[in-house]
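Structure data follow from upload-v9.txt (compact mmCIF, C-alpha atoms):
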# COMPACT_ATOMS: atom_id res chain seq x y z
CA THR A 1 0.00 0.00 0.00
CA SER A 2 1.36 3.40 -0.95
CA ILE A 3 0.25 7.00 -0.64
CA THR A 4 1.31 10.32 -2.13
CA ILE A 5 0.44 13.34 0.01
CA PRO A 6 -1.28 15.92 -2.25
CA GLU A 7 0.45 19.25 -2.89
CA GLY A 8 -2.38 21.11 -1.18
CA VAL A 9 -1.44 19.57 2.18
CA THR A 10 0.81 21.76 4.35
CA SER A 11 0.56 19.88 7.65
CA ILE A 12 0.21 16.22 8.62
CA GLY A 13 -1.41 15.95 12.04
CA ASP A 14 -0.67 13.84 15.10
CA ARG A 15 -1.23 10.10 14.56
CA ALA A 16 -2.50 10.76 11.04
CA PHE A 17 -1.31 7.35 9.79
CA TYR A 18 -0.62 5.71 13.13
CA SER A 19 -0.19 1.92 12.98
CA THR A 20 -1.39 1.50 9.39
CA ASN A 21 -0.14 -1.03 6.83
CA LEU A 22 1.47 1.55 4.56
CA GLU A 23 4.57 0.39 2.67
CA SER A 24 5.47 3.61 0.84
CA VAL A 25 4.78 7.31 1.35
CA THR A 26 5.77 10.32 -0.75
CA PHE A 27 5.29 13.82 0.62
CA GLY A 28 3.85 16.55 -1.57
CA ALA A 29 5.92 19.66 -2.19
CA ASN A 30 4.19 21.89 0.37
CA VAL A 31 4.22 19.88 3.61
CA LYS A 32 5.78 22.06 6.36
CA THR A 33 5.12 20.10 9.55
CA LEU A 34 4.83 16.42 10.44
CA GLY A 35 2.92 15.77 13.65
CA ASN A 36 3.67 13.58 16.64
CA GLU A 37 3.34 9.81 16.05
CA ALA A 38 2.22 10.49 12.48
CA PHE A 39 3.61 7.15 11.21
CA ASP A 40 4.35 5.54 14.58
CA GLY A 41 4.06 1.77 14.47
CA CYS A 42 3.83 1.49 10.69
CA ALA A 43 5.69 -1.80 10.75
CA TYR A 44 5.51 -2.39 6.98
CA LEU A 45 6.71 1.07 5.92
CA MET A 46 9.82 0.64 3.75
CA ASP A 47 10.07 3.78 1.61
CA VAL A 48 9.64 7.38 2.74
CA THR A 49 10.33 10.38 0.50
CA LEU A 50 10.29 13.66 2.43
CA ASN A 51 9.91 16.96 0.59
CA GLU A 52 12.31 19.88 0.48
CA GLY A 53 10.34 22.54 2.36
CA LEU A 54 9.48 20.31 5.32
CA GLU A 55 10.56 22.14 8.49
CA SER A 56 9.83 19.90 11.46
CA ILE A 57 9.36 16.22 12.26
CA GLY A 58 7.38 15.56 15.43
CA ASN A 59 7.90 13.32 18.43
CA ASP A 60 7.70 9.57 17.69
CA ALA A 61 6.91 10.38 14.06
CA PHE A 62 8.44 7.17 12.68
CA GLU A 63 9.02 5.23 15.88
CA GLY A 64 8.82 1.48 15.42
CA CYS A 65 8.83 1.53 11.62
CA ASP A 66 10.57 -1.82 11.62
CA ASN A 67 11.05 -2.14 7.84
CA LEU A 68 12.31 1.37 7.10
CA ARG A 69 15.82 0.91 5.71
CA SER A 70 16.98 4.42 4.84
CA ILE A 71 15.90 8.01 5.31
CA THR A 72 17.11 11.31 3.87
CA ILE A 73 16.19 14.37 5.89
CA PRO A 74 15.87 17.42 3.59
CA ASN A 75 18.03 20.50 4.16
CA SER A 76 14.90 22.50 5.01
CA VAL A 77 14.21 20.49 8.19
CA LYS A 78 15.25 22.33 11.36
CA THR A 79 13.97 20.10 14.16
CA LEU A 80 13.69 16.37 14.80
CA GLY A 81 11.40 15.44 17.69
CA ASN A 82 11.99 13.14 20.63
CA TYR A 83 11.96 9.42 19.69
CA ALA A 84 11.35 10.39 16.05
CA PHE A 85 13.06 7.28 14.64
CA GLN A 86 13.46 5.16 17.76
CA SER A 87 13.45 1.39 17.28
CA CYS A 88 13.52 1.43 13.48
CA ASP A 89 15.20 -1.97 13.46
CA LEU A 90 16.36 -2.08 9.81
CA LEU A 91 17.29 1.59 9.47
CA SER A 92 20.92 1.35 8.31
CA SER A 93 21.33 4.66 6.45
CA ILE A 94 20.45 8.13 7.74
CA THR A 95 21.34 11.32 5.89
CA LEU A 96 20.78 14.42 7.98
CA GLY A 97 20.17 17.68 6.13
CA SER A 98 22.40 20.70 6.65
CA GLY A 99 19.58 22.79 8.12
CA ILE A 100 19.04 20.74 11.28
CA THR A 101 19.61 22.70 14.49
CA SER A 102 17.76 20.54 17.02
CA ILE A 103 17.65 16.77 17.54
CA GLY A 104 15.30 15.33 20.16
CA GLU A 105 15.96 12.90 22.99
CA SER A 106 16.27 9.24 21.97
CA CYS A 107 15.74 10.35 18.38
CA PHE A 108 17.65 7.38 16.90
CA SER A 109 17.97 5.14 19.93
CA GLU A 110 17.77 1.40 19.34
CA CYS A 111 18.26 1.74 15.59
CA ILE A 112 20.18 -1.50 15.72
CA ALA A 113 21.17 -1.63 12.02
CA LEU A 114 22.66 1.88 11.84
CA THR A 115 26.41 1.78 11.06
CA ALA A 116 27.41 5.45 10.67
CA ILE A 117 26.07 8.93 11.34
CA GLU A 118 27.25 12.43 10.46
CA ILE A 119 25.84 15.31 12.49
CA PRO A 120 25.46 18.62 10.60
CA SER A 121 27.27 21.73 11.83
CA GLY A 122 24.10 23.58 12.87
CA VAL A 123 23.62 21.21 15.82
CA LYS A 124 24.90 22.55 19.16
CA GLU A 125 23.72 19.79 21.52
CA LEU A 126 23.16 16.04 21.46
CA PRO A 127 20.32 15.20 23.87
CA SER A 128 20.00 12.24 26.21
CA GLN A 129 20.06 8.76 24.65
CA CYS A 130 20.15 10.17 21.14
CA PHE A 131 21.95 7.10 19.74
CA SER A 132 21.79 4.74 22.71
CA ASN A 133 21.86 1.02 21.96
CA CYS A 134 22.67 1.46 18.28
CA LYS A 135 24.48 -1.86 18.40
CA LYS A 136 26.09 -1.70 14.94
CA LEU A 137 27.10 1.96 14.98
CA VAL A 138 30.82 2.09 14.11
CA LYS A 139 31.42 5.73 13.20
CA ALA A 140 29.96 8.98 14.51
CA THR A 141 31.14 12.24 12.97
CA LEU A 142 30.53 15.17 15.30
CA PRO A 143 31.08 18.82 14.29
CA ASN A 144 33.08 21.15 16.51
CA THR A 145 29.97 23.31 16.89
CA ILE A 146 28.63 20.84 19.47
CA THR A 147 29.14 22.15 23.01
CA LYS A 148 27.00 19.69 24.99
CA ILE A 149 26.65 15.91 24.86
CA TYR A 150 24.08 14.84 27.42
CA ASN A 151 23.53 11.61 29.36
CA SER A 152 23.74 8.22 27.65
CA VAL A 153 24.02 9.59 24.10
CA PHE A 154 26.10 6.61 22.90
CA TYR A 155 25.21 4.22 25.73
CA GLY A 156 25.55 0.59 24.66
CA CYS A 157 27.00 1.33 21.20
CA THR A 158 29.21 -1.73 21.42
CA LYS A 159 30.73 -1.39 17.91
CA LEU A 160 31.55 2.33 18.12
CA SER A 161 35.25 2.77 17.39
CA GLU A 162 35.48 5.98 15.37
CA VAL A 163 34.47 9.16 17.20
CA SER A 164 36.20 12.38 18.17
CA LEU A 165 34.92 14.72 20.83
CA PRO A 166 34.26 18.27 19.53
CA THR A 167 36.91 20.84 20.44
CA ASN A 168 34.26 23.22 21.82
CA LEU A 169 32.67 20.61 24.12
CA ILE A 170 31.95 21.96 27.63
CA THR A 171 29.48 19.30 28.86
CA LEU A 172 29.82 15.53 28.64
CA GLY A 173 26.99 13.72 30.42
CA SER A 174 26.89 10.68 32.64
CA ASN A 175 26.96 7.31 30.83
CA ALA A 176 27.67 9.09 27.53
CA PHE A 177 29.91 6.28 26.26
CA TYR A 178 28.97 3.57 28.77
CA GLY A 179 29.54 0.15 27.24
CA CYS A 180 31.28 1.33 24.05
CA GLU A 181 33.36 -1.82 24.06
CA SER A 182 35.17 -1.17 20.75
CA LEU A 183 36.40 2.34 21.58
CA LYS A 184 40.22 2.21 21.82
CA SER A 185 41.13 5.86 22.29
CA ILE A 186 39.55 9.19 23.05
CA GLU A 187 40.94 12.72 23.30
CA ILE A 188 39.46 14.91 26.01
CA PRO A 189 38.96 18.47 24.66
CA SER A 190 40.53 21.45 26.40
CA LYS A 191 37.28 23.24 27.32
CA LEU A 192 35.80 20.33 29.27
CA LEU A 193 36.12 20.66 33.06
CA VAL A 194 34.28 17.61 34.42
CA ILE A 195 34.23 13.93 33.47
CA ASN A 196 30.90 12.74 34.78
CA GLU A 197 29.69 9.56 36.43
CA SER A 198 30.17 6.39 34.36
CA THR A 199 30.96 8.43 31.24
CA PHE A 200 33.38 5.81 29.86
CA ARG A 201 32.37 2.89 32.05
CA ASN A 202 32.93 -0.57 30.56
CA CYS A 203 34.81 0.75 27.53
CA LYS A 204 36.72 -2.51 27.58
CA SER A 205 39.03 -1.75 24.64
CA LEU A 206 40.10 1.73 25.82
CA GLU A 207 43.90 1.45 25.95
CA SER A 208 45.32 4.86 26.75
CA LEU A 209 44.06 8.19 27.97
CA VAL A 210 45.39 11.65 28.66
CA ILE A 211 43.38 13.75 31.08
CA PRO A 212 44.30 17.35 30.25
CA ASP A 213 45.10 20.07 32.78
CA ASN A 214 41.73 21.73 32.31
CA ILE A 215 39.88 18.84 34.00
CA THR A 216 38.97 19.64 37.61
CA THR A 217 36.80 16.64 38.50
CA VAL A 218 36.63 12.97 37.58
CA ASN A 219 33.41 11.55 39.02
CA ARG A 220 32.71 8.07 40.30
CA TYR A 221 32.84 5.09 37.94
CA ALA A 222 34.03 7.40 35.13
CA PHE A 223 36.41 4.72 33.80
CA ALA A 224 35.24 1.68 35.77
CA GLY A 225 35.55 -1.59 33.87
CA CYS A 226 38.03 -0.21 31.32
CA LYS A 227 40.04 -3.43 31.43
CA SER A 228 42.49 -2.55 28.65
CA LEU A 229 43.47 0.80 30.14
CA ALA A 230 47.20 0.50 30.78
CA ASN A 231 48.37 4.13 30.78
CA ILE A 232 46.75 7.24 32.12
CA ASN A 233 48.11 10.70 32.80
CA ILE A 234 46.28 12.62 35.50
CA PRO A 235 46.86 16.34 36.09
CA LYS A 236 46.82 18.02 39.46
CA LEU A 237 43.10 18.00 40.16
Here is the file; what I need is its structure written in the form of structure tokens.
Amino acid sequence: TSITIPEGVTSIGDRAFYSTNLESVTFGANVKTLGNEAFDGCAYLMDVTLNEGLESIGNDAFEGCDNLRSITIPNSVKTLGNYAFQSCDLLSSITLGSGITSIGESCFSECIALTAIEIPSGVKELPSQCFSNCKKLVKATLPNTITKIYNSVFYGCTKLSEVSLPTNLITLGSNAFYGCESLKSIEIPSKLLVINESTFRNCKSLESLVIPDNITTVNRYAFAGCKSLANINIPKL
């Protein structure tokens, strides 16, 4: 079953196609807003074509679309809601448009097929659990415009091995990289002052670490369970 949204439609409301058997949807040229849970639970949805001109994607908009394999977010989109693509089990390719400035909590959490993600430069913060439990995520490219990474952003990303912390980072939340078992090295940026609770806990492959002079506090369990950690330089805290 497929549907093409007519060009006269400018807004798709909350739960408009909630839990239907749609397999394909194409947005008309004039859709500006996509409501909360609009396609939530559409387990058969495989193909989605979003229009240039779309500005916002609501909370839970595509949550649980188990057969969705790829998505391209147009450059016109500014905001992605909380849980917008959570638990899209086969979603292996995500292209984020250059216009995005806000990504919601748990937006891509539990997208267990996702292998790589590149965050556009307009994004300043990564909210809690944004990519948590993305079990196949290997590479995350983060722009230096990001200043805050909140709690559990990459929690349980067991394959994550390629990531660099932004140079302008001032906040790194608790559990941010908890259980990133493939992460071998990480460079702490010079503007960060605190390493929070369990931030790198159970990063079992983390081999070496330099804690720069700017760090004033290392909180409990910050590096607990890092069994491969052989060398660490600690400044005068």
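From atom CA of Gln129 of chain A back to atom CA of Ser174 of chain A, the distance works out to 10.7 Å.
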Around the point (3.2, 6.7, 13.4) in the file's coordinates, collect all residues with an atom within 12 Å, using all atoms listed in the file, and return them as a PDB file with C-alpha atoms, in the frame of the given file.
ATOM      1  CA  ILE A  12       0.210  16.220   8.620  1.00  0.00           C
ATOM      2  CA  GLY A  13      -1.410  15.950  12.040  1.00  0.00           C
ATOM      3  CA  ASP A  14      -0.670  13.840  15.100  1.00  0.00           C
ATOM      4  CA  ARG A  15      -1.230  10.100  14.560  1.00  0.00           C
ATOM      5  CA  ALA A  16      -2.500  10.760  11.040  1.00  0.00           C
ATOM      6  CA  PHE A  17      -1.310   7.350   9.790  1.00  0.00           C
ATOM      7  CA  TYR A  18      -0.620   5.710  13.130  1.00  0.00           C
ATOM      8  CA  SER A  19      -0.190   1.920  12.980  1.00  0.00           C
ATOM      9  CA  THR A  20      -1.390   1.500   9.390  1.00  0.00           C
ATOM     10  CA  ASN A  21      -0.140  -1.030   6.830  1.00  0.00           C
ATOM     11  CA  LEU A  22       1.470   1.550   4.560  1.00  0.00           C
ATOM     12  CA  LEU A  34       4.830  16.420  10.440  1.00  0.00           C
ATOM     13  CA  GLY A  35       2.920  15.770  13.650  1.00  0.00           C
ATOM     14  CA  ASN A  36       3.670  13.580  16.640  1.00  0.00           C
ATOM     15  CA  GLU A  37       3.340   9.810  16.050  1.00  0.00           C
ATOM     16  CA  ALA A  38       2.220  10.490  12.480  1.00  0.00           C
ATOM     17  CA  PHE A  39       3.610   7.150  11.210  1.00  0.00           C
ATOM     18  CA  ASP A  40       4.350   5.540  14.580  1.00  0.00           C
ATOM     19  CA  GLY A  41       4.060   1.770  14.470  1.00  0.00           C
ATOM     20  CA  CYS A  42       3.830   1.490  10.690  1.00  0.00           C
ATOM     21  CA  ALA A  43       5.690  -1.800  10.750  1.00  0.00           C
ATOM     22  CA  TYR A  44       5.510  -2.390   6.980  1.00  0.00           C
ATOM     23  CA  LEU A  45       6.710   1.070   5.920  1.00  0.00           C
ATOM     24  CA  ILE A  57       9.360  16.220  12.260  1.00  0.00           C
ATOM     25  CA  GLY A  58       7.380  15.560  15.430  1.00  0.00           C
ATOM     26  CA  ASN A  59       7.900  13.320  18.430  1.00  0.00           C
ATOM     27  CA  ASP A  60       7.700   9.570  17.690  1.00  0.00           C
ATOM     28  CA  ALA A  61       6.910  10.380  14.060  1.00  0.00           C
ATOM     29  CA  PHE A  62       8.440   7.170  12.680  1.00  0.00           C
ATOM     30  CA  GLU A  63       9.020   5.230  15.880  1.00  0.00           C
ATOM     31  CA  GLY A  64       8.820   1.480  15.420  1.00  0.00           C
ATOM     32  CA  CYS A  65       8.830   1.530  11.620  1.00  0.00           C
ATOM     33  CA  ASP A  66      10.570  -1.820  11.620  1.00  0.00           C
ATOM     34  CA  TYR A  83      11.960   9.420  19.690  1.00  0.00           C
ATOM     35  CA  ALA A  84      11.350  10.390  16.050  1.00  0.00           C
ATOM     36  CA  PHE A  85      13.060   7.280  14.640  1.00  0.00           C
ATOM     37  CA  GLN A  86      13.460   5.160  17.760  1.00  0.00           C
ATOM     38  CA  CYS A  88      13.520   1.430  13.480  1.00  0.00           C
TER      39      CYS A  88
END
- request: Measuring atom to atom with only C-alpha atoms, identify which of A:Gly173, A:Ile188, A:Leu90, A:Thr167 is nearest to Ser208 of chain A.
  value: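 Result for the nearest residue to Ser208 of chain A: A:Ile188.
You can rank A:Gly179, A:Gly122, A:Pro127, A:Gly28 by their closest distance to Lys204 of chain A using only C-alpha atoms, and at the top of that list sits A:Gly179.
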query: Using all atoms listed in the file, which of the listed residues (A:Asn196, A:Ser128, A:Thr171, A:Ser106) sits closest to Ile146 of chain A?
result: A:Thr171
query: Separation of atom CA of Gly104 of chain A and atom CA of Asn30 of chain A, in Å?
result: 23.6 Å
message: Taking 6 positions as the minimum chain separation for residues in the same chain, which residues sit within 10 Å of Arg201 of chain A when counting all atoms listed in the file? Answer as a ChimeraX atom specification.
response: /A:155,174-181,220-227
query: Interatomic distance between atom CA of Ala113 of chain A and atom CA of Arg69 of chain A?
result: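 A separation of 8.7 Å between them.
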query: Pick the closest to Asn151 of chain A from A:Ile73, A:Leu193, A:Cys130, A:Val25: which is it, counting all atoms listed in the file?
result: A:Cys130
message: Is it possible to get the residues within 7 Å of (38.1, 19.3, 39.0) (coordinates as in the file, counting all atoms listed in the file) written as a ChimeraX atom specification?
response: /A:193-194,215-218,237
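Using only C-alpha atoms, the shortest contact distance between Val163 of chain A and any of A:Ser228, A:Ser132, A:Ser190, A:Ala116 is found at A:Ala116.
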Could you give me the axis-aligned bounding box of segment 121-129 of chain A, with 8 Å of padding per side, as centre plus edge lengths in Å to one decimal, as AutoDock Vina command-line options?
--center_x 23.6 --center_y 16.2 --center_z 19.0 --size_x 23.3 --size_y 30.8 --size_z 30.4
task: For Leu137 of chain A, list every protein, DNA or RNA residue within 8 Å, evaluated using all atoms listed in the file, and leave out those in the same chain fewer than 3 positions away; present the list as a ChimeraX atom specification.
output: /A:112-117,134,140,157-160
field: Close residues, Leu206 of chain A itself excluded, 6 Å, all atoms listed in the file, min 5 positions apart in chain, as a ChimeraX atom specification
entry: /A:183-185,228-229
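Compared by their closest atoms to Val31 of chain A, and using only C-alpha atoms, the residues A:Thr10, A:Thr49, A:Ser152, A:Thr101 rank with A:Thr10 nearest.
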- prompt: Quick one: residues within 7 Å of Ile5 of chain A, all atoms listed in the file counted, chain neighbours fewer than 4 positions away excluded, as a VMD selection string?
  reply: chain A and resid 9 26 to 28
Since the input is missing atoms for segment 206-217 of chain A, could you rebuild it with all heavy atoms and give the result as a PDB file, in the coordinates of the input?
ATOM      1  N   LEU A 206      39.409   0.447  25.645  1.00  0.00           N
ATOM      2  CA  LEU A 206      40.100   1.730  25.820  1.00  0.00           C
ATOM      3  C   LEU A 206      41.495   1.485  26.393  1.00  0.00           C
ATOM      4  O   LEU A 206      41.636   0.980  27.508  1.00  0.00           O
ATOM      5  CB  LEU A 206      39.293   2.643  26.732  1.00  0.00           C
ATOM      6  CG  LEU A 206      39.720   4.107  26.817  1.00  0.00           C
ATOM      7  CD1 LEU A 206      39.581   4.779  25.453  1.00  0.00           C
ATOM      8  CD2 LEU A 206      38.880   4.848  27.853  1.00  0.00           C
ATOM      9  N   GLU A 207      42.538   1.834  25.612  1.00  0.00           N
ATOM     10  CA  GLU A 207      43.900   1.450  25.950  1.00  0.00           C
ATOM     11  C   GLU A 207      44.704   2.552  26.629  1.00  0.00           C
ATOM     12  O   GLU A 207      45.504   2.279  27.520  1.00  0.00           O
ATOM     13  CB  GLU A 207      44.640   1.000  24.686  1.00  0.00           C
ATOM     14  CG  GLU A 207      44.051  -0.251  24.062  1.00  0.00           C
ATOM     15  CD  GLU A 207      44.681  -0.589  22.735  1.00  0.00           C
ATOM     16  OE1 GLU A 207      45.339   0.276  22.129  1.00  0.00           O
ATOM     17  OE2 GLU A 207      44.508  -1.739  22.294  1.00  0.00           O
ATOM     18  N   SER A 208      44.530   3.772  26.179  1.00  0.00           N
ATOM     19  CA  SER A 208      45.320   4.860  26.750  1.00  0.00           C
ATOM     20  C   SER A 208      44.482   6.131  26.805  1.00  0.00           C
ATOM     21  O   SER A 208      43.539   6.310  26.034  1.00  0.00           O
ATOM     22  CB  SER A 208      46.588   5.107  25.945  1.00  0.00           C
ATOM     23  OG  SER A 208      46.265   5.518  24.630  1.00  0.00           O
ATOM     24  N   LEU A 209      44.871   7.002  27.725  1.00  0.00           N
ATOM     25  CA  LEU A 209      44.060   8.190  27.970  1.00  0.00           C
ATOM     26  C   LEU A 209      44.922   9.278  28.560  1.00  0.00           C
ATOM     27  O   LEU A 209      45.749   9.025  29.444  1.00  0.00           O
ATOM     28  CB  LEU A 209      42.914   7.840  28.929  1.00  0.00           C
ATOM     29  CG  LEU A 209      41.983   8.980  29.332  1.00  0.00           C
ATOM     30  CD1 LEU A 209      41.068   9.326  28.164  1.00  0.00           C
ATOM     31  CD2 LEU A 209      41.146   8.570  30.534  1.00  0.00           C
ATOM     32  N   VAL A 210      44.756  10.482  28.064  1.00  0.00           N
ATOM     33  CA  VAL A 210      45.390  11.650  28.660  1.00  0.00           C
ATOM     34  C   VAL A 210      44.283  12.560  29.190  1.00  0.00           C
ATOM     35  O   VAL A 210      43.399  12.975  28.438  1.00  0.00           O
ATOM     36  CB  VAL A 210      46.263  12.412  27.649  1.00  0.00           C
ATOM     37  CG1 VAL A 210      46.816  13.684  28.271  1.00  0.00           C
ATOM     38  CG2 VAL A 210      47.397  11.526  27.153  1.00  0.00           C
ATOM     39  N   ILE A 211      44.318  12.806  30.483  1.00  0.00           N
ATOM     40  CA  ILE A 211      43.380  13.750  31.080  1.00  0.00           C
ATOM     41  C   ILE A 211      44.065  15.101  31.126  1.00  0.00           C
ATOM     42  O   ILE A 211      45.058  15.273  31.844  1.00  0.00           O
ATOM     43  CB  ILE A 211      42.961  13.294  32.497  1.00  0.00           C
ATOM     44  CG1 ILE A 211      42.232  11.946  32.417  1.00  0.00           C
ATOM     45  CG2 ILE A 211      42.069  14.347  33.148  1.00  0.00           C
ATOM     46  CD1 ILE A 211      41.774  11.409  33.757  1.00  0.00           C
ATOM     47  N   PRO A 212      43.595  16.065  30.352  1.00  0.00           N
ATOM     48  CA  PRO A 212      44.300  17.350  30.250  1.00  0.00           C
ATOM     49  C   PRO A 212      44.181  18.195  31.513  1.00  0.00           C
ATOM     50  O   PRO A 212      43.351  17.929  32.396  1.00  0.00           O
ATOM     51  CB  PRO A 212      43.599  18.024  29.053  1.00  0.00           C
ATOM     52  CG  PRO A 212      42.248  17.405  29.006  1.00  0.00           C
ATOM     53  CD  PRO A 212      42.401  16.003  29.501  1.00  0.00           C
ATOM     54  N   ASP A 213      45.017  19.225  31.590  1.00  0.00           N
ATOM     55  CA  ASP A 213      45.100  20.070  32.780  1.00  0.00           C
ATOM     56  C   ASP A 213      43.802  20.814  33.078  1.00  0.00           C
ATOM     57  O   ASP A 213      43.579  21.241  34.212  1.00  0.00           O
ATOM     58  CB  ASP A 213      46.240  21.077  32.634  1.00  0.00           C
ATOM     59  CG  ASP A 213      47.603  20.412  32.671  1.00  0.00           C
ATOM     60  OD1 ASP A 213      47.686  19.279  33.179  1.00  0.00           O
ATOM     61  OD2 ASP A 213      48.567  21.019  32.182  1.00  0.00           O
ATOM     62  N   ASN A 214      42.963  20.974  32.079  1.00  0.00           N
ATOM     63  CA  ASN A 214      41.730  21.730  32.310  1.00  0.00           C
ATOM     64  C   ASN A 214      40.713  20.963  33.153  1.00  0.00           C
ATOM     65  O   ASN A 214      39.810  21.551  33.742  1.00  0.00           O
ATOM     66  CB  ASN A 214      41.074  22.103  30.977  1.00  0.00           C
ATOM     67  CG  ASN A 214      41.002  20.953  29.993  1.00  0.00           C
ATOM     68  OD1 ASN A 214      42.022  20.597  29.413  1.00  0.00           O
ATOM     69  ND2 ASN A 214      39.834  20.363  29.816  1.00  0.00           N
ATOM     70  N   ILE A 215      40.832  19.643  33.235  1.00  0.00           N
ATOM     71  CA  ILE A 215      39.880  18.840  34.000  1.00  0.00           C
ATOM     72  C   ILE A 215      40.060  19.100  35.493  1.00  0.00           C
ATOM     73  O   ILE A 215      41.168  19.033  36.030  1.00  0.00           O
ATOM     74  CB  ILE A 215      40.065  17.333  33.699  1.00  0.00           C
ATOM     75  CG1 ILE A 215      39.719  17.032  32.243  1.00  0.00           C
ATOM     76  CG2 ILE A 215      39.195  16.483  34.641  1.00  0.00           C
ATOM     77  CD1 ILE A 215      38.265  17.234  31.869  1.00  0.00           C
ATOM     78  N   THR A 216      38.942  19.392  36.160  1.00  0.00           N
ATOM     79  CA  THR A 216      38.970  19.640  37.610  1.00  0.00           C
ATOM     80  C   THR A 216      38.362  18.502  38.410  1.00  0.00           C
ATOM     81  O   THR A 216      38.673  18.347  39.588  1.00  0.00           O
ATOM     82  CB  THR A 216      38.211  20.937  37.949  1.00  0.00           C
ATOM     83  OG1 THR A 216      36.832  20.795  37.550  1.00  0.00           O
ATOM     84  CG2 THR A 216      38.814  22.134  37.219  1.00  0.00           C
ATOM     85  N   THR A 217      37.500  17.695  37.772  1.00  0.00           N
ATOM     86  CA  THR A 217      36.800  16.640  38.500  1.00  0.00           C
ATOM     87  C   THR A 217      36.629  15.410  37.630  1.00  0.00           C
ATOM     88  O   THR A 217      36.212  15.510  36.471  1.00  0.00           O
ATOM     89  CB  THR A 217      35.393  17.117  38.954  1.00  0.00           C
ATOM     90  OG1 THR A 217      35.529  18.309  39.719  1.00  0.00           O
ATOM     91  CG2 THR A 217      34.696  16.054  39.795  1.00  0.00           C
TER      92      THR A 217
END
